[in-house]
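A.B. asks: Got work.csv for you, CSV, C-alpha atoms:
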chain,number,residue,atom,x,y,z
A,1,MET,CA,-100.9,-117.9,92.0
A,2,LYS,CA,-98.7,-115.6,94.1
A,3,GLN,CA,-99.8,-112.0,93.6
A,4,THR,CA,-97.1,-109.5,92.5
A,5,VAL,CA,-96.8,-105.9,91.5
A,6,ASP,CA,-94.5,-104.4,88.9
A,7,VAL,CA,-91.9,-101.8,90.0
A,8,VAL,CA,-88.8,-100.4,88.3
A,9,ILE,CA,-85.5,-101.1,90.2
A,10,ASN,CA,-82.4,-99.6,88.8
A,11,GLY,CA,-84.1,-99.2,85.5
A,12,GLU,CA,-85.3,-102.8,85.2
A,13,PHE,CA,-88.9,-104.0,85.7
A,14,LYS,CA,-89.2,-106.3,88.7
A,15,ARG,CA,-92.1,-108.2,90.1
A,16,ILE,CA,-92.3,-108.0,93.9
A,17,THR,CA,-94.6,-109.0,96.7
A,18,PRO,CA,-97.4,-106.4,97.2
A,19,GLY,CA,-97.2,-104.4,100.3
A,20,ALA,CA,-93.5,-105.0,100.8
A,21,THR,CA,-91.4,-102.4,102.6
A,22,LEU,CA,-88.1,-101.1,101.2
A,23,LEU,CA,-86.4,-103.0,103.9
A,24,GLU,CA,-88.1,-106.3,102.9
A,25,LEU,CA,-87.3,-105.5,99.2
A,26,LEU,CA,-83.6,-105.2,100.1
A,27,ALA,CA,-83.8,-108.5,101.9
A,28,GLU,CA,-85.4,-110.1,98.9
A,29,LEU,CA,-82.6,-108.9,96.7
A,30,GLU,CA,-80.0,-110.0,99.3
A,31,LEU,CA,-78.7,-106.5,99.8
A,32,ASP,CA,-77.3,-105.3,103.1
A,33,PRO,CA,-79.2,-102.0,103.9
A,34,ARG,CA,-76.0,-100.7,105.5
A,35,THR,CA,-74.2,-100.7,102.2
A,36,VAL,CA,-76.9,-99.4,99.9
A,37,VAL,CA,-78.5,-96.0,99.6
A,38,VAL,CA,-82.2,-96.1,98.5
A,39,GLU,CA,-84.0,-93.6,96.4
A,40,HIS,CA,-87.8,-94.1,96.2
A,41,ASN,CA,-89.6,-92.2,93.5
A,42,ARG,CA,-86.7,-89.7,93.4
A,43,ARG,CA,-86.7,-89.2,97.2
A,44,ILE,CA,-83.9,-90.5,99.4
A,45,VAL,CA,-85.2,-92.8,102.1
A,46,ARG,CA,-82.9,-92.8,105.1
A,47,ARG,CA,-81.9,-96.1,106.6
A,48,PRO,CA,-84.1,-95.9,109.8
A,49,ALA,CA,-87.2,-95.3,107.6
A,50,LEU,CA,-86.7,-98.2,105.2
A,51,GLY,CA,-89.0,-100.4,107.2
A,52,ASP,CA,-91.7,-97.8,107.2
A,53,VAL,CA,-92.0,-97.1,103.4
A,54,THR,CA,-94.2,-99.5,101.4
A,55,VAL,CA,-93.6,-100.1,97.7
A,56,SER,CA,-96.5,-99.7,95.3
A,57,ALA,CA,-97.1,-100.7,91.7
A,58,GLY,CA,-95.2,-98.5,89.3
A,59,ASP,CA,-92.7,-97.2,91.9
A,60,ALA,CA,-89.2,-96.3,90.7
A,61,ILE,CA,-86.5,-97.4,93.0
A,62,GLU,CA,-82.8,-96.7,92.8
A,63,LEU,CA,-80.3,-98.7,94.8
A,64,VAL,CA,-76.8,-97.3,94.7
A,65,HIS,CA,-73.4,-97.8,96.4
A,66,PHE,CA,-69.8,-96.6,96.1
A,67,VAL,CA,-67.7,-98.0,93.3
A,68,GLY,CA,-64.1,-97.2,92.2
A,69,GLY,CA,-63.8,-93.8,90.6
A,70,GLY,CA,-61.7,-90.7,90.3
B,71,MET,CA,-30.1,-90.7,105.1
B,72,THR,CA,-32.1,-87.5,105.6
B,73,THR,CA,-34.4,-86.1,103.1
B,74,ALA,CA,-35.5,-82.5,102.4
B,75,VAL,CA,-38.8,-83.3,104.0
B,76,GLU,CA,-37.3,-83.2,107.5
B,77,THR,CA,-36.2,-79.7,107.0
B,78,LEU,CA,-39.7,-78.5,105.8
B,79,ARG,CA,-41.8,-76.3,107.9
B,80,ASP,CA,-45.0,-77.1,106.3
B,81,GLU,CA,-48.5,-77.0,107.7
B,82,PRO,CA,-51.0,-79.8,107.2
B,83,LEU,CA,-53.7,-79.3,104.6
B,84,THR,CA,-57.0,-78.2,105.9
B,85,ILE,CA,-60.2,-78.4,103.8
B,86,GLY,CA,-63.6,-77.6,105.1
B,87,GLY,CA,-62.4,-78.0,108.7
B,88,ARG,CA,-60.8,-81.3,108.2
B,89,THR,CA,-57.0,-81.7,108.4
B,90,PHE,CA,-55.0,-84.0,106.2
B,91,GLN,CA,-51.3,-85.0,106.4
B,92,SER,CA,-51.0,-86.1,102.8
B,93,ARG,CA,-51.3,-83.6,99.9
B,94,LEU,CA,-51.8,-86.4,97.5
B,95,MET,CA,-55.3,-87.7,96.9
B,96,ILE,CA,-56.1,-90.6,94.8
B,97,GLY,CA,-59.0,-92.2,92.9
B,98,THR,CA,-60.1,-95.8,93.1
B,99,GLY,CA,-61.1,-96.4,89.4
B,100,LYS,CA,-59.6,-98.5,86.7
B,101,TYR,CA,-57.2,-100.6,88.7
B,102,PRO,CA,-56.4,-104.0,87.2
B,103,ASP,CA,-57.8,-105.6,90.5
B,104,MET,CA,-58.7,-104.7,94.0
B,105,ASP,CA,-55.5,-106.1,95.6
B,106,THR,CA,-53.4,-103.8,93.3
B,107,MET,CA,-55.6,-100.9,94.2
B,108,VAL,CA,-55.2,-101.4,97.9
B,109,ARG,CA,-51.4,-101.8,97.7
B,110,ALA,CA,-51.2,-98.7,95.4
B,111,ILE,CA,-53.2,-96.6,97.9
B,112,ASP,CA,-50.9,-97.8,100.7
B,113,ALA,CA,-47.8,-96.9,98.7
B,114,SER,CA,-49.2,-93.5,97.8
B,115,GLY,CA,-49.7,-92.5,101.5
B,116,ALA,CA,-53.0,-90.8,100.5
B,117,GLU,CA,-55.7,-90.2,103.1
B,118,VAL,CA,-58.3,-88.8,100.8
B,119,ILE,CA,-59.7,-91.4,98.4
B,120,THR,CA,-62.3,-90.7,95.8
B,121,VAL,CA,-65.2,-93.0,95.0
B,122,ALA,CA,-68.1,-92.8,92.6
B,123,VAL,CA,-71.9,-93.4,93.1
B,124,ARG,CA,-73.4,-96.0,90.9
B,125,ARG,CA,-76.3,-98.5,90.8
B,126,VAL,CA,-75.9,-101.7,92.6
B,127,ASN,CA,-75.7,-104.6,90.1
B,128,LEU,CA,-78.8,-106.6,90.8
B,129,ASP,CA,-77.8,-109.6,88.7
B,130,ARG,CA,-74.7,-110.0,90.8
B,131,SER,CA,-75.9,-109.0,94.2
B,132,LYS,CA,-72.8,-110.6,95.7
B,133,GLU,CA,-70.7,-108.0,93.9
B,134,THR,CA,-69.1,-105.9,96.7
B,135,SER,CA,-68.8,-102.2,96.9
B,136,VAL,CA,-65.3,-100.6,96.9
B,137,LEU,CA,-65.8,-100.1,100.6
B,138,HIS,CA,-65.3,-103.8,101.1
B,139,PHE,CA,-61.6,-103.2,100.4
B,140,LEU,CA,-61.1,-99.8,102.0
B,141,ASP,CA,-61.6,-99.1,105.7
B,142,PRO,CA,-63.7,-96.0,106.0
B,143,LYS,CA,-62.1,-95.4,109.4
B,144,ARG,CA,-58.7,-95.2,107.9
B,145,PHE,CA,-59.4,-93.3,104.7
B,146,PHE,CA,-61.4,-90.2,104.1
B,147,LEU,CA,-63.9,-91.2,101.4
B,148,LEU,CA,-64.5,-88.3,99.0
B,149,ALA,CA,-67.5,-89.1,96.7
B,150,ASN,CA,-67.6,-87.6,93.3
B,151,THR,CA,-70.4,-86.7,90.9
B,152,ALA,CA,-68.5,-88.1,87.9
B,153,GLY,CA,-70.6,-88.8,84.8
B,154,CYS,CA,-73.1,-86.0,85.6
B,155,TYR,CA,-73.8,-83.6,82.8
B,156,THR,CA,-76.3,-81.3,84.5
B,157,ALA,CA,-76.4,-79.4,87.8
B,158,ALA,CA,-79.6,-81.4,88.8
B,159,ASP,CA,-77.9,-84.7,88.2
B,160,ALA,CA,-74.8,-83.7,90.2
B,161,ILE,CA,-77.0,-82.5,93.1
B,162,ARG,CA,-78.9,-85.8,93.0
B,163,TYR,CA,-75.6,-87.9,93.1
B,164,ALA,CA,-74.2,-85.7,95.9
B,165,ARG,CA,-77.2,-86.2,98.1
B,166,LEU,CA,-77.1,-90.0,97.5
B,167,ALA,CA,-73.4,-90.0,98.4
B,168,ARG,CA,-74.0,-88.0,101.6
B,169,GLU,CA,-76.7,-90.5,102.6
B,170,ALA,CA,-74.1,-93.3,102.6
B,171,GLY,CA,-73.1,-91.6,105.9
B,172,PHE,CA,-69.4,-91.0,105.8
B,173,ASN,CA,-69.1,-87.2,105.5
B,174,ASP,CA,-70.7,-84.2,103.8
B,175,PHE,CA,-67.8,-83.6,101.4
B,176,VAL,CA,-68.3,-83.9,97.7
B,177,LYS,CA,-66.0,-83.7,94.7
B,178,LEU,CA,-68.4,-81.8,92.4
B,179,GLU,CA,-68.1,-82.5,88.7
B,180,VAL,CA,-70.6,-81.2,86.1
B,181,ILE,CA,-69.2,-82.3,82.7
B,182,GLY,CA,-70.0,-80.2,79.7
B,183,ASP,CA,-68.4,-82.1,76.8
B,184,GLU,CA,-68.1,-85.8,76.2
B,185,GLU,CA,-64.9,-85.8,74.2
B,186,THR,CA,-62.8,-83.7,76.5
B,187,LEU,CA,-64.8,-84.2,79.7
B,188,LEU,CA,-64.2,-80.5,80.3
B,189,PRO,CA,-66.5,-79.0,83.0
B,190,ASP,CA,-69.7,-77.1,82.3
B,191,THR,CA,-68.7,-74.2,84.5
B,192,GLN,CA,-72.2,-72.6,84.5
B,193,GLY,CA,-73.8,-75.8,85.7
B,194,LEU,CA,-71.0,-76.3,88.1
B,195,LEU,CA,-71.6,-72.9,89.8
B,196,GLU,CA,-75.3,-73.5,89.9
B,197,ALA,CA,-74.8,-76.9,91.6
B,198,ALA,CA,-72.1,-75.6,93.9
B,199,LYS,CA,-74.4,-72.8,95.2
B,200,ILE,CA,-77.2,-75.2,96.0
B,201,LEU,CA,-75.0,-77.9,97.6
B,202,VAL,CA,-73.2,-75.3,99.8
B,203,GLN,CA,-76.6,-74.1,101.0
B,204,GLU,CA,-77.5,-77.7,101.9
B,205,GLY,CA,-74.4,-77.9,104.1
B,206,PHE,CA,-72.1,-79.7,101.7
B,207,LYS,CA,-68.3,-79.1,101.7
B,208,VAL,CA,-67.9,-78.7,98.0
B,209,LEU,CA,-64.6,-79.4,96.2
B,210,ALA,CA,-65.3,-78.2,92.7
B,211,TYR,CA,-63.6,-79.7,89.7
B,212,THR,CA,-63.1,-76.9,87.2
B,213,ASN,CA,-60.9,-75.8,84.4
B,214,GLU,CA,-57.9,-73.5,84.9
B,215,ASP,CA,-60.0,-70.3,84.4
B,216,LEU,CA,-59.4,-67.8,87.2
B,217,VAL,CA,-62.8,-66.1,87.0
B,218,THR,CA,-64.6,-69.3,87.4
B,219,ALA,CA,-62.3,-70.3,90.3
B,220,LEU,CA,-63.1,-66.9,92.0
B,221,ARG,CA,-66.8,-67.5,91.5
B,222,LEU,CA,-66.6,-70.9,93.0
B,223,GLU,CA,-64.8,-69.5,96.0
B,224,ASP,CA,-67.5,-66.8,96.3
B,225,ALA,CA,-70.2,-69.5,96.1
B,226,GLY,CA,-68.7,-71.0,99.3
B,227,CYS,CA,-66.8,-74.0,97.9
B,228,ALA,CA,-64.4,-75.6,100.4
B,229,ALA,CA,-61.7,-76.1,97.8
B,230,VAL,CA,-61.3,-75.4,94.1
B,231,MET,CA,-59.9,-78.1,91.8
B,232,PRO,CA,-58.5,-76.8,88.5
B,233,LEU,CA,-57.4,-79.4,86.0
B,234,ALA,CA,-53.8,-79.9,84.9
B,235,SER,CA,-55.2,-81.3,81.6
B,236,PRO,CA,-58.2,-83.4,80.6
B,237,ILE,CA,-59.3,-86.3,82.8
B,238,GLY,CA,-57.4,-89.5,82.0
B,239,SER,CA,-55.3,-87.7,79.3
B,240,GLY,CA,-51.9,-87.9,81.1
B,241,LEU,CA,-50.8,-84.8,79.3
B,242,GLY,CA,-49.5,-83.2,82.5
B,243,LEU,CA,-49.7,-79.6,83.6
B,244,LEU,CA,-50.5,-77.7,80.5
B,245,ASN,CA,-50.9,-74.2,82.0
B,246,PRO,CA,-48.7,-73.6,85.0
B,247,PHE,CA,-49.3,-69.9,84.8
B,248,SER,CA,-53.1,-70.2,85.2
B,249,VAL,CA,-52.9,-72.7,88.0
B,250,ARG,CA,-50.3,-70.4,89.8
B,251,THR,CA,-52.6,-67.4,89.3
B,252,ILE,CA,-55.6,-69.3,90.7
B,253,LYS,CA,-53.5,-70.3,93.8
B,254,ARG,CA,-52.3,-66.8,94.3
B,255,ARG,CA,-55.8,-65.3,94.1
B,256,LEU,CA,-57.9,-67.8,96.1
B,257,HIS,CA,-58.1,-68.2,99.8
B,258,VAL,CA,-59.5,-71.6,99.9
B,259,PRO,CA,-57.3,-74.6,99.1
B,260,VAL,CA,-56.5,-75.2,95.5
B,261,ILE,CA,-56.1,-78.9,94.6
B,262,VAL,CA,-55.1,-79.7,91.0
B,263,ASP,CA,-57.3,-82.6,89.8
B,264,ALA,CA,-56.8,-84.6,86.6
B,265,GLY,CA,-54.3,-84.9,83.8
B,266,VAL,CA,-51.0,-85.8,85.4
B,267,GLY,CA,-49.3,-88.6,83.7
B,268,THR,CA,-46.1,-89.3,85.6
B,269,ALA,CA,-44.1,-88.2,88.6
B,270,SER,CA,-42.5,-85.2,87.0
B,271,ASP,CA,-46.0,-83.8,86.3
B,272,ALA,CA,-47.0,-84.2,89.9
B,273,CYS,CA,-43.7,-82.5,91.0
B,274,LEU,CA,-44.1,-79.6,88.6
B,275,THR,CA,-47.7,-79.2,89.7
B,276,MET,CA,-46.8,-79.0,93.4
B,277,GLU,CA,-44.0,-76.6,92.6
B,278,GLN,CA,-46.6,-74.1,91.5
B,279,GLY,CA,-47.6,-73.8,95.2
B,280,VAL,CA,-50.9,-75.5,95.1
B,281,ASP,CA,-52.2,-77.2,98.2
B,282,GLY,CA,-52.6,-80.7,96.8
B,283,ILE,CA,-53.1,-82.9,93.9
B,284,LEU,CA,-55.6,-85.6,93.0
B,285,MET,CA,-55.0,-88.3,90.4
B,286,ASN,CA,-56.3,-91.6,89.4
B,287,THR,CA,-55.4,-92.9,85.9
B,288,ALA,CA,-51.7,-92.0,86.2
B,289,ILE,CA,-51.4,-94.6,88.9
B,290,ALA,CA,-54.1,-97.1,87.9
B,291,ALA,CA,-53.0,-97.3,84.3
B,292,ALA,CA,-49.3,-97.4,85.0
B,293,GLN,CA,-47.6,-100.8,84.1
B,294,ASP,CA,-46.9,-101.1,87.8
B,295,PRO,CA,-49.5,-99.1,89.7
B,296,VAL,CA,-47.9,-99.8,93.2
B,297,ALA,CA,-44.5,-98.5,92.0
B,298,MET,CA,-46.1,-95.5,90.4
B,299,ALA,CA,-48.1,-94.7,93.5
B,300,GLN,CA,-44.8,-94.6,95.5
B,301,ALA,CA,-43.2,-92.4,92.8
B,302,MET,CA,-46.2,-90.0,93.0
B,303,ARG,CA,-45.9,-89.8,96.8
B,304,LEU,CA,-42.3,-88.9,96.5
B,305,ALA,CA,-42.9,-86.4,93.6
B,306,THR,CA,-45.7,-84.7,95.6
B,307,ILE,CA,-43.4,-84.3,98.6
B,308,ALA,CA,-40.5,-83.2,96.3
B,309,GLY,CA,-42.6,-80.6,94.5
B,310,ARG,CA,-44.0,-79.2,97.8
B,311,ALA,CA,-40.5,-79.1,99.3
B,312,ALA,CA,-39.1,-77.3,96.3
B,313,TYR,CA,-42.0,-74.8,96.4
B,314,LEU,CA,-41.4,-74.1,100.1
B,315,ALA,CA,-37.7,-73.9,99.5
B,316,GLY,CA,-38.2,-71.1,96.9
B,317,ARG,CA,-36.5,-71.7,93.6
B,318,MET,CA,-33.6,-69.5,92.3
B,319,PRO,CA,-34.4,-66.9,89.8
B,320,ARG,CA,-34.2,-67.8,86.1
B,321,ARG,CA,-31.4,-66.2,84.1
B,322,GLU,CA,-30.9,-65.9,80.4
B,323,VAL,CA,-27.1,-66.1,80.7
B,324,ALA,CA,-24.8,-68.4,82.6
B,325,MET,CA,-23.1,-67.6,85.9
B,326,PRO,CA,-20.1,-69.7,87.0
B,327,SER,CA,-20.5,-71.7,90.2
B,328,SER,CA,-16.8,-72.0,90.8
B,329,PRO,CA,-14.6,-68.9,91.7
B,330,THR,CA,-13.3,-66.9,88.7
B,331,ARG,CA,-10.4,-65.7,90.8
B,332,GLY,CA,-7.4,-67.8,91.6
B,333,MET,CA,-7.1,-69.3,88.1
B,334,LEU,CA,-3.5,-70.2,87.1
B,335,ASP,CA,-1.6,-67.9,84.7
Represent the structure from my file as structure tokens, please.
C.D. replies:
Amino acid sequence: MKQTVDVVINGEFKRITPGATLLELLAELELDPRTVVVEHNRRIVRRPALGDVTVSAGDAIELVHFVGGG
Amino acid sequence: MTTAVETLRDEPLTIGGRTFQSRLMIGTGKYPDMDTMVRAIDASGAEVITVAVRRVNLDRSKETSVLHFLDPKRFFLLANTAGCYTAADAIRYARLAREAGFNDFVKLEVIGDEETLLPDTQGLLEAAKILVQEGFKVLAYTNEDLVTALRLEDAGCAAVMPLASPIGSGLGLLNPFSVRTIKRRLHVPVIVDAGVGTASDACLTMEQGVDGILMNTAIAAAQDPVAMAQAMRLATIAGRAAYLAGRMPRREVAMPSSPTRGMLD
């Protein structure tokens, strides 16, 4: 059986591949890293560093973008 | 046909070192559809466009961000901290917005009351001070209180944005005196944000001498948003022109416009 770890992405529990980087996570979610800002355990991870940060069990990740607003 | 605009000797609006030709700024929320939004923005002539920071919808990953419809090279994207009720949340949203990489401007909102969406001025000042220290150009959404406006300016805000009336209310400019006083006392640009309902509200607001106006619902919730955007563009220009022209004094009694001499016996 494929091993997974539980993380919380945008408030929802998700099972992801252990040892995945944030960049790989975005690819798994079919999100373009150029259009998303990533917060990992309350710290913003800048785009060039997305491939360097590994996701661990229990991590909280927020993926945000711009939407219509006043 | 000429318009009064051509006779104006106006200067462009400069906020935090950036210069803008249009004094009308508009929001991108609540439009019936994206095509209407884009056409309304075009009709408004606005350069500064506000956007909000929200979670990506993971269930519909193909859902596109508002940037898909707005060229960030053509428009100046001003991120807001709408929906934030504490200084800490507003700071968090501002940092995320800056990371999107367009600019270091933020329309800072710290809301204090759910029903009226009136600002928490204490939280606002606290957040403004921290964000200014972090190098943000802060445009602070506030109420029409002079003392708060002065403190926001002292805190280093690039612009102060008093409301005309509560967000999305369409009640128009409820307190022209206070807005005029804020404009008279501050050195940084004063942009009235929120509450205008129709073109006359925008015109009356600009006639107070403020530097600009920001609106969203008045256009987005109009029956024809594109036509209303054009009306708002014209009203903003008209109000600015009237302010620069200098209105006549008010009198309590009539004064004839035609000569009183030369009347027939």
A.B. asks: Quick one: residues within 10 Å of (-92.7, -107.2, 90.0) (file frame), counting only C-alpha atoms, please, as JSON, numbers by chain.
C.D. replies: {"A": [3, 4, 5, 6, 7, 8, 9, 12, 13, 14, 15, 16, 17, 18, 56, 57, 58]}
A.B. asks: When you draw a straight line from atom CA of Asn245 of chain B to atom CA of Leu83 of chain B, how long is it in Å?
C.D. replies: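 Value for the atom CA of Asn245 of chain B-atom CA of Leu83 of chain B distance: 23.3 Å.
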A.B. asks: Return the neighbours of chain A among the residues of chain B, cut-off 10 Å, counting only C-alpha atoms, as a compact mmCIF listing (two decimals) with C-alpha atoms, in the frame of the given file.
C.D. replies:
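Result file follows (part-v4.txt):
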# COMPACT_ATOMS: atom_id res chain seq x y z
CA MET B 95 -55.30 -87.70 96.90
CA ILE B 96 -56.10 -90.60 94.80
CA GLY B 97 -59.00 -92.20 92.90
CA THR B 98 -60.10 -95.80 93.10
CA GLY B 99 -61.10 -96.40 89.40
CA LYS B 100 -59.60 -98.50 86.70
CA TYR B 101 -57.20 -100.60 88.70
CA MET B 104 -58.70 -104.70 94.00
CA MET B 107 -55.60 -100.90 94.20
CA ILE B 119 -59.70 -91.40 98.40
CA THR B 120 -62.30 -90.70 95.80
CA VAL B 121 -65.20 -93.00 95.00
CA ALA B 122 -68.10 -92.80 92.60
CA VAL B 123 -71.90 -93.40 93.10
CA ARG B 124 -73.40 -96.00 90.90
CA ARG B 125 -76.30 -98.50 90.80
CA VAL B 126 -75.90 -101.70 92.60
CA ASN B 127 -75.70 -104.60 90.10
CA LEU B 128 -78.80 -106.60 90.80
CA ASP B 129 -77.80 -109.60 88.70
CA ARG B 130 -74.70 -110.00 90.80
CA SER B 131 -75.90 -109.00 94.20
CA LYS B 132 -72.80 -110.60 95.70
CA THR B 134 -69.10 -105.90 96.70
CA SER B 135 -68.80 -102.20 96.90
CA VAL B 136 -65.30 -100.60 96.90
CA LEU B 137 -65.80 -100.10 100.60
CA HIS B 138 -65.30 -103.80 101.10
CA LEU B 147 -63.90 -91.20 101.40
CA LEU B 148 -64.50 -88.30 99.00
CA ALA B 149 -67.50 -89.10 96.70
CA ASN B 150 -67.60 -87.60 93.30
CA THR B 151 -70.40 -86.70 90.90
CA ALA B 152 -68.50 -88.10 87.90
CA ARG B 162 -78.90 -85.80 93.00
CA TYR B 163 -75.60 -87.90 93.10
CA ARG B 165 -77.20 -86.20 98.10
CA LEU B 166 -77.10 -90.00 97.50
CA ALA B 167 -73.40 -90.00 98.40
CA ARG B 168 -74.00 -88.00 101.60
CA GLU B 169 -76.70 -90.50 102.60
CA ALA B 170 -74.10 -93.30 102.60
CA GLY B 171 -73.10 -91.60 105.90
CA LYS B 177 -66.00 -83.70 94.70
CA ILE B 237 -59.30 -86.30 82.80
CA GLY B 238 -57.40 -89.50 82.00
CA ASP B 263 -57.30 -82.60 89.80
CA ALA B 264 -56.80 -84.60 86.60
CA LEU B 284 -55.60 -85.60 93.00
CA MET B 285 -55.00 -88.30 90.40
CA ASN B 286 -56.30 -91.60 89.40
CA THR B 287 -55.40 -92.90 85.90
A.B. asks: Nearest to Gly51 of chain A: which of A:Leu22, A:Lys2, A:Glu28, A:Pro33 is it, counting only C-alpha atoms?
C.D. replies: A:Leu22
A.B. asks: Out of A:Leu26, A:Val55, A:Ala20, A:Ile61, which residue has the shortest atom-to-atom distance to Asn41 of chain A when counting all atoms listed in the file?
C.D. replies: A:Ile61
A.B. asks: Using Å and a single decimal, report how far atom CA of Thr186 of chain B sits from atom CA of Leu216 of chain B.
C.D. replies: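 The value is 19.5 Å.
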A.B. asks: Mind checking which residues fall within 7 Å of Cys227 of chain B, counting all atoms listed in the file, ignoring those fewer than 6 positions away in the same chain, and posting them as a CSV table (one decimal) with C-alpha atoms, keeping the file's coordinate frame?
C.D. replies:
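Full text of around_35.csv as output:
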chain,number,residue,atom,x,y,z
B,198,ALA,CA,-72.1,-75.6,93.9
B,202,VAL,CA,-73.2,-75.3,99.8
B,207,LYS,CA,-68.3,-79.1,101.7
B,208,VAL,CA,-67.9,-78.7,98.0
B,209,LEU,CA,-64.6,-79.4,96.2
B,210,ALA,CA,-65.3,-78.2,92.7
A.B. asks: Go ahead and compute the interatomic distance for atom CA of Leu188 of chain B and atom CA of Thr275 of chain B, in Å to one decimal.
C.D. replies: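 Separating atom CA of Leu188 of chain B from atom CA of Thr275 of chain B is a distance of 19.0 Å.
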A.B. asks: Find the residue from B:Thr89, B:Asp174, B:Met276, B:Asn213 that sits nearest to Arg303 of chain B; use all atoms listed in the file when measuring.
C.D. replies: B:Met276
A.B. asks: Using all atoms listed in the file for the distances, tell me which of B:Asp281, B:Glu322, B:Glu223, B:Glu196 is nearest to Ile307 of chain B.
C.D. replies: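 Comparing B:Asp281, B:Glu322, B:Glu223, B:Glu196 against Ile307 of chain B, the winner is B:Asp281.
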A.B. asks: Compare B:Gly332, B:Pro326, B:Gly316, B:Pro259 by their minimum atom-to-atom distance to Ile85 of chain B, counting all atoms listed in the file, and give me the closest one.
C.D. replies: B:Pro259
A.B. asks: I want to know what sits within 10 Å of Ala197 of chain B, based on all atoms listed in the file, with residues of the same chain fewer than 3 positions away left out; could you give that as a count of residues only?
C.D. replies: 22
